[in-house]
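What's in upload-v2.pdb: PDB, C-alpha atoms
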ATOM      1  CA  MET A  10      45.588  46.370-272.964
ATOM      2  CA  HIS A  11      47.628  45.453-276.019
ATOM      3  CA  ASP A  12      47.811  49.136-277.014
ATOM      4  CA  ASN A  13      49.047  50.072-273.542
ATOM      5  CA  VAL A  14      51.828  47.508-273.759
ATOM      6  CA  HIS A  15      52.760  48.829-277.201
ATOM      7  CA  VAL A  16      52.824  52.460-275.999
ATOM      8  CA  LEU A  17      54.924  51.524-272.992
ATOM      9  CA  ALA A  18      57.400  49.614-275.168
ATOM     10  CA  SER A  19      57.813  52.589-277.523
ATOM     11  CA  GLU A  20      58.247  54.944-274.563
ATOM     12  CA  ILE A  21      60.927  52.698-273.103
ATOM     13  CA  GLU A  22      62.643  52.538-276.480
ATOM     14  CA  ALA A  23      62.602  56.354-276.733
ATOM     15  CA  TRP A  24      64.071  56.545-273.222
ATOM     16  CA  ARG A  25      66.778  54.018-274.101
ATOM     17  CA  SER A  26      67.579  56.086-277.184
ATOM     18  CA  GLN A  27      68.001  59.204-275.018
ATOM     19  CA  LEU A  28      70.310  57.289-272.681
ATOM     20  CA  ARG A  29      72.421  56.187-275.628
ATOM     21  CA  LYS A  30      72.527  59.664-277.124
ATOM     22  CA  GLY A  31      73.704  61.067-273.826
ATOM     23  CA  SER A  32      76.456  58.520-273.426
ATOM     24  CA  LEU A  33      77.830  58.332-276.982
ATOM     25  CA  GLU A  34      80.352  61.134-276.542
ATOM     26  CA  LEU A  35      81.719  59.583-273.349
ATOM     27  CA  ALA A  36      81.886  56.147-274.996
ATOM     28  CA  VAL A  37      83.858  57.547-277.941
ATOM     29  CA  LEU A  38      86.269  59.500-275.741
ATOM     30  CA  LEU A  39      86.822  56.422-273.546
ATOM     31  CA  SER A  40      87.535  54.298-276.633
ATOM     32  CA  LEU A  41      90.226  56.758-277.698
ATOM     33  CA  ARG A  42      92.056  56.759-274.358
ATOM     34  CA  GLY A  43      94.320  53.860-275.251
ATOM     35  CA  GLU A  44      95.274  54.362-278.871
ATOM     36  CA  PRO A  45      94.188  56.290-281.972
ATOM     37  CA  ARG A  46      91.305  54.710-283.886
ATOM     38  CA  TYR A  47      89.387  55.453-287.075
ATOM     39  CA  GLY A  48      85.608  55.837-287.424
ATOM     40  CA  LEU A  49      84.569  52.332-288.470
ATOM     41  CA  GLU A  50      86.944  50.850-285.919
ATOM     42  CA  LEU A  51      85.205  52.900-283.195
ATOM     43  CA  VAL A  52      81.739  51.849-284.376
ATOM     44  CA  GLU A  53      82.718  48.171-284.372
ATOM     45  CA  ARG A  54      84.380  48.427-280.985
ATOM     46  CA  LEU A  55      81.367  50.113-279.378
ATOM     47  CA  ASN A  56      78.920  47.719-281.018
ATOM     48  CA  ALA A  57      80.958  44.728-279.843
ATOM     49  CA  ARG A  58      80.264  46.025-276.328
ATOM     50  CA  GLY A  59      76.534  46.205-277.011
ATOM     51  CA  LEU A  60      76.068  49.960-277.493
ATOM     52  CA  GLY A  61      74.364  49.698-280.877
ATOM     53  CA  VAL A  62      75.964  52.641-282.679
ATOM     54  CA  SER A  63      74.672  53.475-286.143
ATOM     55  CA  GLU A  64      77.516  53.663-288.680
ATOM     56  CA  GLY A  65      76.479  57.064-289.939
ATOM     57  CA  SER A  66      76.135  58.595-286.488
ATOM     58  CA  ILE A  67      79.777  58.568-285.528
ATOM     59  CA  TYR A  68      81.209  61.041-288.054
ATOM     60  CA  PRO A  69      79.178  64.167-287.181
ATOM     61  CA  LEU A  70      80.134  63.533-283.536
ATOM     62  CA  LEU A  71      83.831  63.057-284.360
ATOM     63  CA  SER A  72      83.701  66.204-286.489
ATOM     64  CA  ARG A  73      82.340  68.182-283.544
ATOM     65  CA  LEU A  74      84.894  66.711-281.138
ATOM     66  CA  ARG A  75      87.610  67.873-283.506
ATOM     67  CA  ALA A  76      86.071  71.357-283.762
ATOM     68  CA  GLU A  77      86.061  71.452-279.949
ATOM     69  CA  GLU A  78      89.740  70.403-279.982
ATOM     70  CA  LYS A  79      89.033  67.297-277.924
ATOM     71  CA  VAL A  80      90.527  65.077-280.632
ATOM     72  CA  GLU A  81      93.091  65.553-283.375
ATOM     73  CA  THR A  82      93.234  63.621-286.614
ATOM     74  CA  GLU A  83      95.779  62.119-288.945
ATOM     75  CA  TRP A  84      95.336  60.328-292.254
ATOM     76  CA  VAL A  85      97.343  57.097-292.194
ATOM     77  CA  ASP A  86      98.105  55.134-295.350
ATOM     78  CA  PRO A  87      98.657  51.481-294.424
ATOM     79  CA  GLY A  88     100.487  50.818-297.718
ATOM     80  CA  ALA A  89      97.952  48.284-298.941
ATOM     81  CA  GLY A  90      94.284  49.225-299.346
ATOM     82  CA  HIS A  91      93.219  52.789-298.612
ATOM     83  CA  SER A  92      93.933  55.471-296.020
ATOM     84  CA  HIS A  93      92.100  55.829-292.741
ATOM     85  CA  LYS A  94      91.534  58.953-290.711
ATOM     86  CA  TYR A  95      92.703  58.233-287.186
ATOM     87  CA  TYR A  96      91.446  60.128-284.141
ATOM     88  CA  ARG A  97      93.613  60.739-281.112
ATOM     89  CA  LEU A  98      92.625  62.365-277.790
ATOM     90  CA  THR A  99      94.138  65.784-277.111
ATOM     91  CA  ARG A 100      94.947  66.954-273.604
ATOM     92  CA  ARG A 101      91.657  68.839-273.606
ATOM     93  CA  GLY A 102      89.831  65.675-274.731
ATOM     94  CA  ARG A 103      91.507  63.612-272.015
ATOM     95  CA  THR A 104      90.436  66.141-269.376
ATOM     96  CA  ALA A 105      86.886  66.200-270.772
ATOM     97  CA  CYS A 106      86.834  62.393-270.748
ATOM     98  CA  GLU A 107      87.947  62.164-267.106
ATOM     99  CA  SER A 108      85.410  64.799-266.040
ATOM    100  CA  MET A 109      82.579  63.101-267.930
ATOM    101  CA  LEU A 110      83.556  59.718-266.494
ATOM    102  CA  ALA A 111      83.523  61.109-262.945
ATOM    103  CA  ALA A 112      80.094  62.664-263.562
ATOM    104  CA  TRP A 113      78.815  59.407-265.076
ATOM    105  CA  ARG A 114      79.998  57.368-262.073
ATOM    106  CA  GLU A 115      78.495  59.829-259.638
ATOM    107  CA  PHE A 116      75.181  59.692-261.479
ATOM    108  CA  ALA A 117      75.223  55.888-261.810
ATOM    109  CA  ASP A 118      75.983  55.547-258.069
ATOM    110  CA  ALA A 119      73.075  57.840-257.239
ATOM    111  CA  VAL A 120      70.703  55.801-259.399
ATOM    112  CA  GLU A 121      72.004  52.585-257.821
ATOM    113  CA  ARG A 122      71.295  54.015-254.369
ATOM    114  CA  VAL A 123      67.754  54.855-255.433
ATOM    115  CA  ILE A 124      67.315  51.332-256.830
ATOM    116  CA  GLY A 125      68.538  49.945-253.512
ATOM    117  CA  ASP A 126      66.003  51.963-251.486
ATOM    118  CA  ARG A 127      63.241  49.920-249.849
ATOM    119  CA  PRO A 128      59.820  50.698-251.374
TER     120      PRO A 128
ATOM    121  CA  MET B  14      91.537  54.660-304.102
ATOM    122  CA  SER B  15      89.121  51.714-303.844
ATOM    123  CA  GLU B  16      86.302  51.309-306.340
ATOM    124  CA  LEU B  17      82.852  52.001-304.986
ATOM    125  CA  PRO B  18      79.425  51.173-306.440
ATOM    126  CA  ARG B  19      77.960  53.910-308.628
ATOM    127  CA  GLU B  20      75.282  54.876-306.066
ATOM    128  CA  ALA B  21      77.948  55.312-303.397
ATOM    129  CA  GLU B  22      79.915  57.626-305.700
ATOM    130  CA  ALA B  23      76.728  59.627-306.350
ATOM    131  CA  PHE B  24      76.069  59.838-302.595
ATOM    132  CA  LEU B  25      79.583  61.195-301.981
ATOM    133  CA  ARG B  26      79.192  63.811-304.727
ATOM    134  CA  ASP B  27      75.831  64.897-303.287
ATOM    135  CA  LEU B  28      77.234  64.935-299.773
ATOM    136  CA  GLU B  29      80.083  67.239-300.777
ATOM    137  CA  ARG B  30      77.643  69.515-302.594
ATOM    138  CA  HIS B  31      75.309  69.742-299.574
ATOM    139  CA  LEU B  32      78.239  70.481-297.298
ATOM    140  CA  SER B  33      79.008  73.578-299.361
ATOM    141  CA  PRO B  34      78.632  76.114-296.506
ATOM    142  CA  LEU B  35      81.647  74.461-294.831
ATOM    143  CA  PRO B  36      85.210  75.331-295.942
ATOM    144  CA  GLU B  37      86.407  73.331-298.943
ATOM    145  CA  ALA B  38      89.183  71.515-297.070
ATOM    146  CA  GLU B  39      86.687  70.379-294.414
ATOM    147  CA  ARG B  40      84.179  69.263-297.054
ATOM    148  CA  ARG B  41      86.742  67.166-298.841
ATOM    149  CA  ASP B  42      87.999  65.714-295.588
ATOM    150  CA  ILE B  43      84.499  64.604-294.547
ATOM    151  CA  ALA B  44      83.775  63.107-297.981
ATOM    152  CA  ALA B  45      87.150  61.298-298.004
ATOM    153  CA  GLU B  46      86.447  59.830-294.590
ATOM    154  CA  ILE B  47      82.991  58.569-295.588
ATOM    155  CA  ARG B  48      84.560  57.172-298.790
ATOM    156  CA  SER B  49      87.115  55.285-296.710
ATOM    157  CA  HIS B  50      84.316  53.941-294.492
ATOM    158  CA  LEU B  51      82.222  52.800-297.463
ATOM    159  CA  ALA B  52      85.257  51.176-299.093
ATOM    160  CA  ASP B  53      85.953  49.197-295.903
ATOM    161  CA  ARG B  54      82.329  48.083-295.692
ATOM    162  CA  ALA B  55      82.251  47.171-299.391
ATOM    163  CA  ALA B  56      85.456  45.159-299.024
ATOM    164  CA  ARG B  57      83.769  43.192-296.219
ATOM    165  CA  GLY B  58      80.809  42.440-298.469
ATOM    166  CA  ALA B  59      78.284  44.667-296.656
ATOM    167  CA  GLY B  60      74.890  44.792-298.356
ATOM    168  CA  ASP B  61      73.248  48.223-298.395
ATOM    169  CA  LEU B  62      76.237  50.496-297.872
ATOM    170  CA  LEU B  63      74.302  53.747-297.751
ATOM    171  CA  LYS B  64      71.380  52.805-295.494
ATOM    172  CA  PRO B  65      73.088  53.872-292.236
ATOM    173  CA  PHE B  66      73.725  57.342-293.686
ATOM    174  CA  GLY B  67      70.213  58.213-294.905
ATOM    175  CA  THR B  68      70.047  60.832-297.660
ATOM    176  CA  ALA B  69      73.099  62.935-298.515
ATOM    177  CA  ALA B  70      71.124  66.139-297.822
ATOM    178  CA  ALA B  71      70.024  65.046-294.333
ATOM    179  CA  TYR B  72      73.453  63.689-293.488
ATOM    180  CA  ALA B  73      75.174  66.898-294.574
ATOM    181  CA  ALA B  74      72.625  68.905-292.550
ATOM    182  CA  ALA B  75      73.672  67.009-289.426
ATOM    183  CA  PHE B  76      77.262  68.241-289.917
ATOM    184  CA  ARG B  77      76.317  71.786-290.882
ATOM    185  CA  GLU B  78      73.639  72.501-288.310
ATOM    186  CA  GLU B  79      75.450  70.901-285.405
ATOM    187  CA  ARG B  80      78.574  72.894-286.190
ATOM    188  CA  ALA B  81      76.630  76.155-286.535
ATOM    189  CA  LEU B  82      74.654  75.657-283.305
ATOM    190  CA  THR B  83      77.739  74.644-281.332
ATOM    191  CA  ARG B  84      79.536  77.781-282.534
ATOM    192  CA  ALA B  85      76.536  80.018-281.818
ATOM    193  CA  LEU B  86      76.173  78.625-278.291
ATOM    194  CA  ALA B  87      79.897  79.094-277.689
ATOM    195  CA  SER B  88      79.694  82.711-278.880
ATOM    196  CA  GLY B  89      77.093  83.427-276.172
ATOM    197  CA  SER B  90      75.340  86.004-278.377
ATOM    198  CA  SER B  91      71.531  85.968-278.564
ATOM    199  CA  LEU B  92      71.746  87.323-282.094
ATOM    200  CA  ASP B  93      74.023  84.478-283.243
ATOM    201  CA  ILE B  94      71.857  81.834-281.589
ATOM    202  CA  GLY B  95      68.624  83.279-283.000
ATOM    203  CA  ARG B  96      70.086  83.623-286.502
ATOM    204  CA  THR B  97      71.396  80.039-286.447
ATOM    205  CA  LEU B  98      68.062  78.685-285.219
ATOM    206  CA  LEU B  99      66.251  80.513-288.006
ATOM    207  CA  ARG B 100      68.715  79.285-290.633
ATOM    208  CA  GLY B 101      68.057  75.673-289.624
ATOM    209  CA  ALA B 102      64.304  76.156-289.099
ATOM    210  CA  ARG B 103      62.157  73.819-291.138
ATOM    211  CA  ARG B 104      58.887  74.550-289.361
ATOM    212  CA  ILE B 105      57.045  77.825-288.967
ATOM    213  CA  GLY B 106      56.878  77.261-285.201
ATOM    214  CA  TRP B 107      60.624  77.945-284.931
ATOM    215  CA  TRP B 108      60.160  81.315-286.643
ATOM    216  CA  TYR B 109      57.357  82.268-284.242
ATOM    217  CA  ALA B 110      59.362  81.174-281.198
ATOM    218  CA  VAL B 111      62.563  83.002-282.212
ATOM    219  CA  ALA B 112      60.618  86.102-283.311
ATOM    220  CA  ALA B 113      58.745  86.186-279.981
ATOM    221  CA  LEU B 114      61.985  85.912-278.003
ATOM    222  CA  GLY B 115      63.572  88.591-280.194
ATOM    223  CA  LEU B 116      60.602  90.861-279.435
ATOM    224  CA  VAL B 117      61.004  90.231-275.694
ATOM    225  CA  GLN B 118      64.662  91.223-275.998
ATOM    226  CA  VAL B 119      63.755  94.433-277.846
ATOM    227  CA  LEU B 120      61.204  95.246-275.118
ATOM    228  CA  GLY B 121      63.855  94.513-272.473
ATOM    229  CA  ALA B 122      66.296  96.889-274.149
ATOM    230  CA  GLY B 123      63.499  99.490-274.366
ATOM    231  CA  LEU B 124      62.808  99.220-270.628
ATOM    232  CA  LEU B 125      66.509  99.714-269.861
ATOM    233  CA  ILE B 126      66.555 102.849-272.018
ATOM    234  CA  LEU B 127      63.417 104.123-270.242
ATOM    235  CA  SER B 128      65.036 103.586-266.846
ATOM    236  CA  VAL B 129      67.914 105.859-267.933
ATOM    237  CA  LEU B 130      65.600 108.424-269.558
ATOM    238  CA  LYS B 131      63.520 108.600-266.357
ATOM    239  CA  ILE B 132      66.518 110.213-264.637
ATOM    240  CA  PHE B 133      66.529 113.103-267.133
ATOM    241  CA  LEU B 134      62.778 113.330-267.972
ATOM    242  CA  PRO B 135      61.011 112.360-264.742
ATOM    243  CA  GLN B 136      57.682 113.980-265.757
ATOM    244  CA  ARG B 137      57.527 112.291-269.161
ATOM    245  CA  ILE B 138      58.636 108.739-268.392
ATOM    246  CA  GLY B 139      56.910 106.186-266.187
ATOM    247  CA  VAL B 140      53.583 104.415-265.817
ATOM    248  CA  PHE B 141      50.723 106.854-266.406
ATOM    249  CA  VAL B 142      47.163 106.174-265.278
ATOM    250  CA  GLY B 143      44.160 108.395-265.873
ATOM    251  CA  PRO B 144      40.415 108.144-266.580
ATOM    252  CA  ARG B 145      41.112 107.201-270.208
ATOM    253  CA  VAL B 146      44.824 106.562-270.077
ATOM    254  CA  PHE B 147      47.154 103.723-269.280
ATOM    255  CA  ALA B 148      50.641 104.266-270.665
ATOM    256  CA  LEU B 149      53.976 102.668-269.920
ATOM    257  CA  GLY B 150      57.050 104.490-271.125
ATOM    258  CA  ALA B 151      57.034 107.999-272.537
ATOM    259  CA  TYR B 152      53.789 109.977-272.288
ATOM    260  CA  SER B 153      53.033 113.248-274.063
ATOM    261  CA  GLY B 154      50.469 114.349-271.495
ATOM    262  CA  ASP B 155      47.586 114.922-273.969
ATOM    263  CA  ALA B 156      44.977 113.585-271.522
ATOM    264  CA  PRO B 157      45.024 113.964-267.744
ATOM    265  CA  ALA B 158      46.998 111.167-266.126
ATOM    266  CA  VAL B 159      49.094 110.560-263.030
ATOM    267  CA  GLU B 160      52.488 108.897-263.075
ATOM    268  CA  ILE B 161      52.207 106.236-260.376
ATOM    269  CA  LEU B 162      55.756 104.909-259.959
ATOM    270  CA  GLY B 163      57.720 108.078-259.440
ATOM    271  CA  ARG B 164      61.455 107.446-258.890
ATOM    272  CA  TRP B 165      60.707 103.753-258.411
ATOM    273  CA  ALA B 166      60.291 103.561-262.170
ATOM    274  CA  ILE B 167      64.092 103.679-262.524
ATOM    275  CA  PRO B 168      64.846 100.411-260.671
ATOM    276  CA  ALA B 169      61.566  98.821-261.810
ATOM    277  CA  PHE B 170      62.267  99.398-265.508
ATOM    278  CA  ALA B 171      65.905  98.385-265.069
ATOM    279  CA  VAL B 172      65.045  95.121-263.304
ATOM    280  CA  LEU B 173      62.269  94.269-265.771
ATOM    281  CA  GLY B 174      64.542  95.125-268.717
ATOM    282  CA  VAL B 175      67.392  92.940-267.482
ATOM    283  CA  ALA B 176      64.957  90.116-266.656
ATOM    284  CA  ALA B 177      63.442  90.282-270.161
ATOM    285  CA  LEU B 178      66.852  90.363-271.871
ATOM    286  CA  TYR B 179      68.317  87.586-269.750
ATOM    287  CA  GLY B 180      65.170  85.441-269.745
ATOM    288  CA  ALA B 181      64.842  85.564-273.536
ATOM    289  CA  HIS B 182      68.558  84.814-273.895
ATOM    290  CA  LEU B 183      68.190  81.768-271.632
ATOM    291  CA  MET B 184      65.175  80.599-273.621
ATOM    292  CA  LEU B 185      67.132  80.934-276.877
ATOM    293  CA  ARG B 186      69.968  78.870-275.373
ATOM    294  CA  LEU B 187      67.462  76.253-274.206
ATOM    295  CA  LEU B 188      65.907  76.085-277.679
ATOM    296  CA  ALA B 189      69.356  75.753-279.290
ATOM    297  CA  GLY B 190      70.337  73.045-276.789
ATOM    298  CA  TRP B 191      67.134  71.155-277.464
ATOM    299  CA  ARG B 192      67.614  71.496-281.219
ATOM    300  CA  LEU B 193      71.187  70.253-280.842
ATOM    301  CA  SER B 194      70.028  67.233-278.873
ATOM    302  CA  ARG B 195      67.610  66.413-281.721
ATOM    303  CA  ILE B 196      70.208  66.568-284.470
ATOM    304  CA  ARG B 197      73.175  65.106-282.620
ATOM    305  CA  PRO B 198      73.880  61.599-283.789
ATOM    306  CA  ALA B 199      71.399  59.122-282.458
ATOM    307  CA  LEU B 200      72.422  55.604-281.565
ATOM    308  CA  HIS B 201      70.165  52.963-282.995
ATOM    309  CA  ALA B 202      69.700  49.671-281.271
TER     310      ALA B 202
END

What does this structure look like when you write it as structure tokens?
Amino acid sequence: MHDNVHVLASEIEAWRSQLRKGSLELAVLLSLRGEPRYGLELVERLNARGLGVSEGSIYPLLSRLRAEEKVETEWVDPGAGHSHKYYRLTRRGRTACESMLAAWREFADAVERVIGDRP
Amino acid sequence: MSELPREAEAFLRDLERHLSPLPEAERRDIAAEIRSHLADRAARGAGDLLKPFGTAAAYAAAFREERALTRALASGSSLDIGRTLLRGARRIGWWYAVAALGLVQVLGAGLLILSVLKIFLPQRIGVFVGPRVFALGAYSGDAPAVEILGRWAIPAFAVLGVAALYGAHLMLRLLAGWRLSRIRPALHA
């Protein structure tokens, strides 16, 4: 019985991890809609909203988004302290973000409808 | 530039070294960005600065392999995808899978060639069946055998060839997509 509960908990955790993986790109693009941000700023912003982003995970993703021309970057020296690499959405990134958001809402609505079905 | 602990400096050196397949400007840019991140975290008194990054080799691999797979998938070429999968393969199973799909593609190309050759060599190409013979493709006619497909061999070989080529290509794309999903940054709760 205890083993079953343990297996189920690890399966649910793996499923949650897949959900997070699938939504990280959208979450990052959404966070860049308003203003340019740098990596740590993005991690802190997403974690403040409960997403649980690992610090190291954000940079390979940002690197890919730049390679796909969805974001552009600029090193900004604040004068005091050290420089930060800021990410800004490109037109292509904005379009991708809107499309992903529409798909996400459509999917979430569908799941909600299934949840609302009578057993 | 902010001072970093010695182990963080060593991590950055290792990271840049492991990123070596990437262009130098990109390598330096990635290392500078991680340096900036670590400096911010150090300034805020964070404990184990490097824990979220794992080893420099594994972290660099995430950049390299993701970039290579994304490019290969965008190129749409089976050869590019297969080569990239093999380059990142750390288990023998990947070699078997890619080799098997490569073989299916070679067979597919062979069937397409046979479908064309059948037009010019109708007696020699086809599916041959005899008391001691079963041959698909070109047959020299050493033992008595009957070609059972006739002209139907042309569309049959063509359809099978395209199906083999396309099916193996789709499987390679699926494998690359799955591999990408494994190495893309995971979020940890």

Leaving out range 30-43 of chain A and any residue of its chain fewer than 2 positions from it, which residues lie within 7 Å of it when counting only C-alpha atoms, given as a list in words?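 Residues meeting the cut-off are Ser26, Gln27, Leu28, Pro45, Arg46, Arg97, Leu98, Cys106 and Met109 of chain A; Ala199 and Leu200 of chain B.
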
Please, which residues in chain A fall within 6 Å of chain B when counting all atoms listed in the file, and what is the closest atom pair and distance in Å to one decimal for each, ordered by chain then residue number, as a Markdown table?
| residue | atom | partner | partner_atom | distance |
| --- | --- | --- | --- | --- |
| A:Arg29 | CA | B:Leu200 | CA | 6.0 |
| A:Lys30 | CA | B:Ala199 | CA | 5.5 |
| A:Gly61 | CA | B:Ala202 | CA | 4.7 |
| A:Val62 | CA | B:Leu200 | CA | 4.8 |
| A:Ser63 | CA | B:His201 | CA | 5.5 |
| A:Glu64 | CA | B:Pro65 | CA | 5.7 |
| A:Gly65 | CA | B:Phe66 | CA | 4.7 |
| A:Ser66 | CA | B:Pro198 | CA | 4.6 |
| A:Pro69 | CA | B:Phe76 | CA | 5.3 |

Where does the PyMOL selection byres ((chain A and resi 99) around 12) land in this file, that is, which residues does it pick, as a PyMOL selection string? chain A and resi 38+41-42+44-45+74-82+96-98+100-106

Selection to disk with C-alpha atoms, as a CSV table (one decimal), keeping the file's coordinate frame:
chain,number,residue,atom,x,y,z
A,38,LEU,CA,86.3,59.5,-275.7
A,41,LEU,CA,90.2,56.8,-277.7
A,42,ARG,CA,92.1,56.8,-274.4
A,44,GLU,CA,95.3,54.4,-278.9
A,45,PRO,CA,94.2,56.3,-282.0
A,74,LEU,CA,84.9,66.7,-281.1
A,75,ARG,CA,87.6,67.9,-283.5
A,76,ALA,CA,86.1,71.4,-283.8
A,77,GLU,CA,86.1,71.5,-279.9
A,78,GLU,CA,89.7,70.4,-280.0
A,79,LYS,CA,89.0,67.3,-277.9
A,80,VAL,CA,90.5,65.1,-280.6
A,81,GLU,CA,93.1,65.6,-283.4
A,82,THR,CA,93.2,63.6,-286.6
A,96,TYR,CA,91.4,60.1,-284.1
A,97,ARG,CA,93.6,60.7,-281.1
A,98,LEU,CA,92.6,62.4,-277.8
A,100,ARG,CA,94.9,67.0,-273.6
A,101,ARG,CA,91.7,68.8,-273.6
A,102,GLY,CA,89.8,65.7,-274.7
A,103,ARG,CA,91.5,63.6,-272.0
A,104,THR,CA,90.4,66.1,-269.4
A,105,ALA,CA,86.9,66.2,-270.8
A,106,CYS,CA,86.8,62.4,-270.7

Using CA of Leu162 in chain B and CA of Lys131 in chain B as the two end points, give the distance in Å to one decimal. 10.7 Å

Applying 12 Å and only C-alpha atoms, which residues near Leu188 in chain B remain after dropping the ones on its own chain fewer than 3 positions away? List them as a PyMOL selection string. chain B and resi 82+86+91+94-95+97-99+102+106-108+110-111+114+181-185+191-195

Write the residues of the selection above to a file with C-alpha atoms, as a tab-separated table (two decimals), keeping the file's coordinate frame.
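Okay, result.tsv is ready:
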chain	number	residue	atom	x	y	z
B	82	LEU	CA	74.65	75.66	-283.30
B	86	LEU	CA	76.17	78.62	-278.29
B	91	SER	CA	71.53	85.97	-278.56
B	94	ILE	CA	71.86	81.83	-281.59
B	95	GLY	CA	68.62	83.28	-283.00
B	97	THR	CA	71.40	80.04	-286.45
B	98	LEU	CA	68.06	78.68	-285.22
B	99	LEU	CA	66.25	80.51	-288.01
B	102	ALA	CA	64.30	76.16	-289.10
B	106	GLY	CA	56.88	77.26	-285.20
B	107	TRP	CA	60.62	77.94	-284.93
B	108	TRP	CA	60.16	81.32	-286.64
B	110	ALA	CA	59.36	81.17	-281.20
B	111	VAL	CA	62.56	83.00	-282.21
B	114	LEU	CA	61.98	85.91	-278.00
B	181	ALA	CA	64.84	85.56	-273.54
B	182	HIS	CA	68.56	84.81	-273.90
B	183	LEU	CA	68.19	81.77	-271.63
B	184	MET	CA	65.18	80.60	-273.62
B	185	LEU	CA	67.13	80.93	-276.88
B	191	TRP	CA	67.13	71.16	-277.46
B	192	ARG	CA	67.61	71.50	-281.22
B	193	LEU	CA	71.19	70.25	-280.84
B	194	SER	CA	70.03	67.23	-278.87
B	195	ARG	CA	67.61	66.41	-281.72

On this structure, which residues satisfy the PyMOL selection byres ((chain B and resi 143) around 8), written as JSON, numbers by chain? {"B": [141, 142, 144, 145, 146, 147, 156, 157, 158, 159]}

Taking all atoms of range 94-109 of chain B that the file lists, what box with edges along x, y and z, padded by 5 Å per side, do you get, with centre and edge lengths in Å to one decimal, as AutoDock Vina command-line options?
--center_x 64.4 --center_y 78.7 --center_z -286.4 --size_x 25.0 --size_y 19.8 --size_z 19.5

Decode the PyMOL selection byres ((chain B and resi 128) around 7) for the given file into explicit residues and return them as a ChimeraX atom specification. /B:124-127,129-131,166-168,170-171

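From CA of Asp86 in chain A back to CA of Leu49 in chain A, the distance works out to 15.4 Å.
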
Counting only C-alpha atoms, closest pick from A:Ala111, A:Ala23, A:Ala18, A:Leu51 relative to Tyr95 in chain A is A:Leu51

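What separates CA of Leu35 in chain B from CA of Val52 in chain A is a distance of 24.9 Å.
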
Ranking B:Leu178, B:Val140, B:Leu149, B:Leu28 by minimum distance to Ile161 in chain B and counting all atoms listed in the file, which one comes first?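 For Ile161 in chain B, the nearest of the candidates is B:Val140.
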
Leaving out Ala70 in chain B and any residue of its chain fewer than 5 positions from it, which residues lie within 12 Å of it when counting all atoms listed in the file, given as a PDB file with C-alpha atoms, keeping the file's coordinate frame?
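Contents of the output file result-v3.pdb:
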ATOM      1  CA  PHE B  24      76.069  59.838-302.595  1.00  0.00           C
ATOM      2  CA  LEU B  25      79.583  61.195-301.981  1.00  0.00           C
ATOM      3  CA  ARG B  26      79.192  63.811-304.727  1.00  0.00           C
ATOM      4  CA  ASP B  27      75.831  64.897-303.287  1.00  0.00           C
ATOM      5  CA  LEU B  28      77.234  64.935-299.773  1.00  0.00           C
ATOM      6  CA  GLU B  29      80.083  67.239-300.777  1.00  0.00           C
ATOM      7  CA  ARG B  30      77.643  69.515-302.594  1.00  0.00           C
ATOM      8  CA  HIS B  31      75.309  69.742-299.574  1.00  0.00           C
ATOM      9  CA  LEU B  32      78.239  70.481-297.298  1.00  0.00           C
ATOM     10  CA  SER B  33      79.008  73.578-299.361  1.00  0.00           C
ATOM     11  CA  ALA B  75      73.672  67.009-289.426  1.00  0.00           C
ATOM     12  CA  PHE B  76      77.262  68.241-289.917  1.00  0.00           C
ATOM     13  CA  ARG B  77      76.317  71.786-290.882  1.00  0.00           C
ATOM     14  CA  GLU B  78      73.639  72.501-288.310  1.00  0.00           C
TER      15      GLU B  78
END
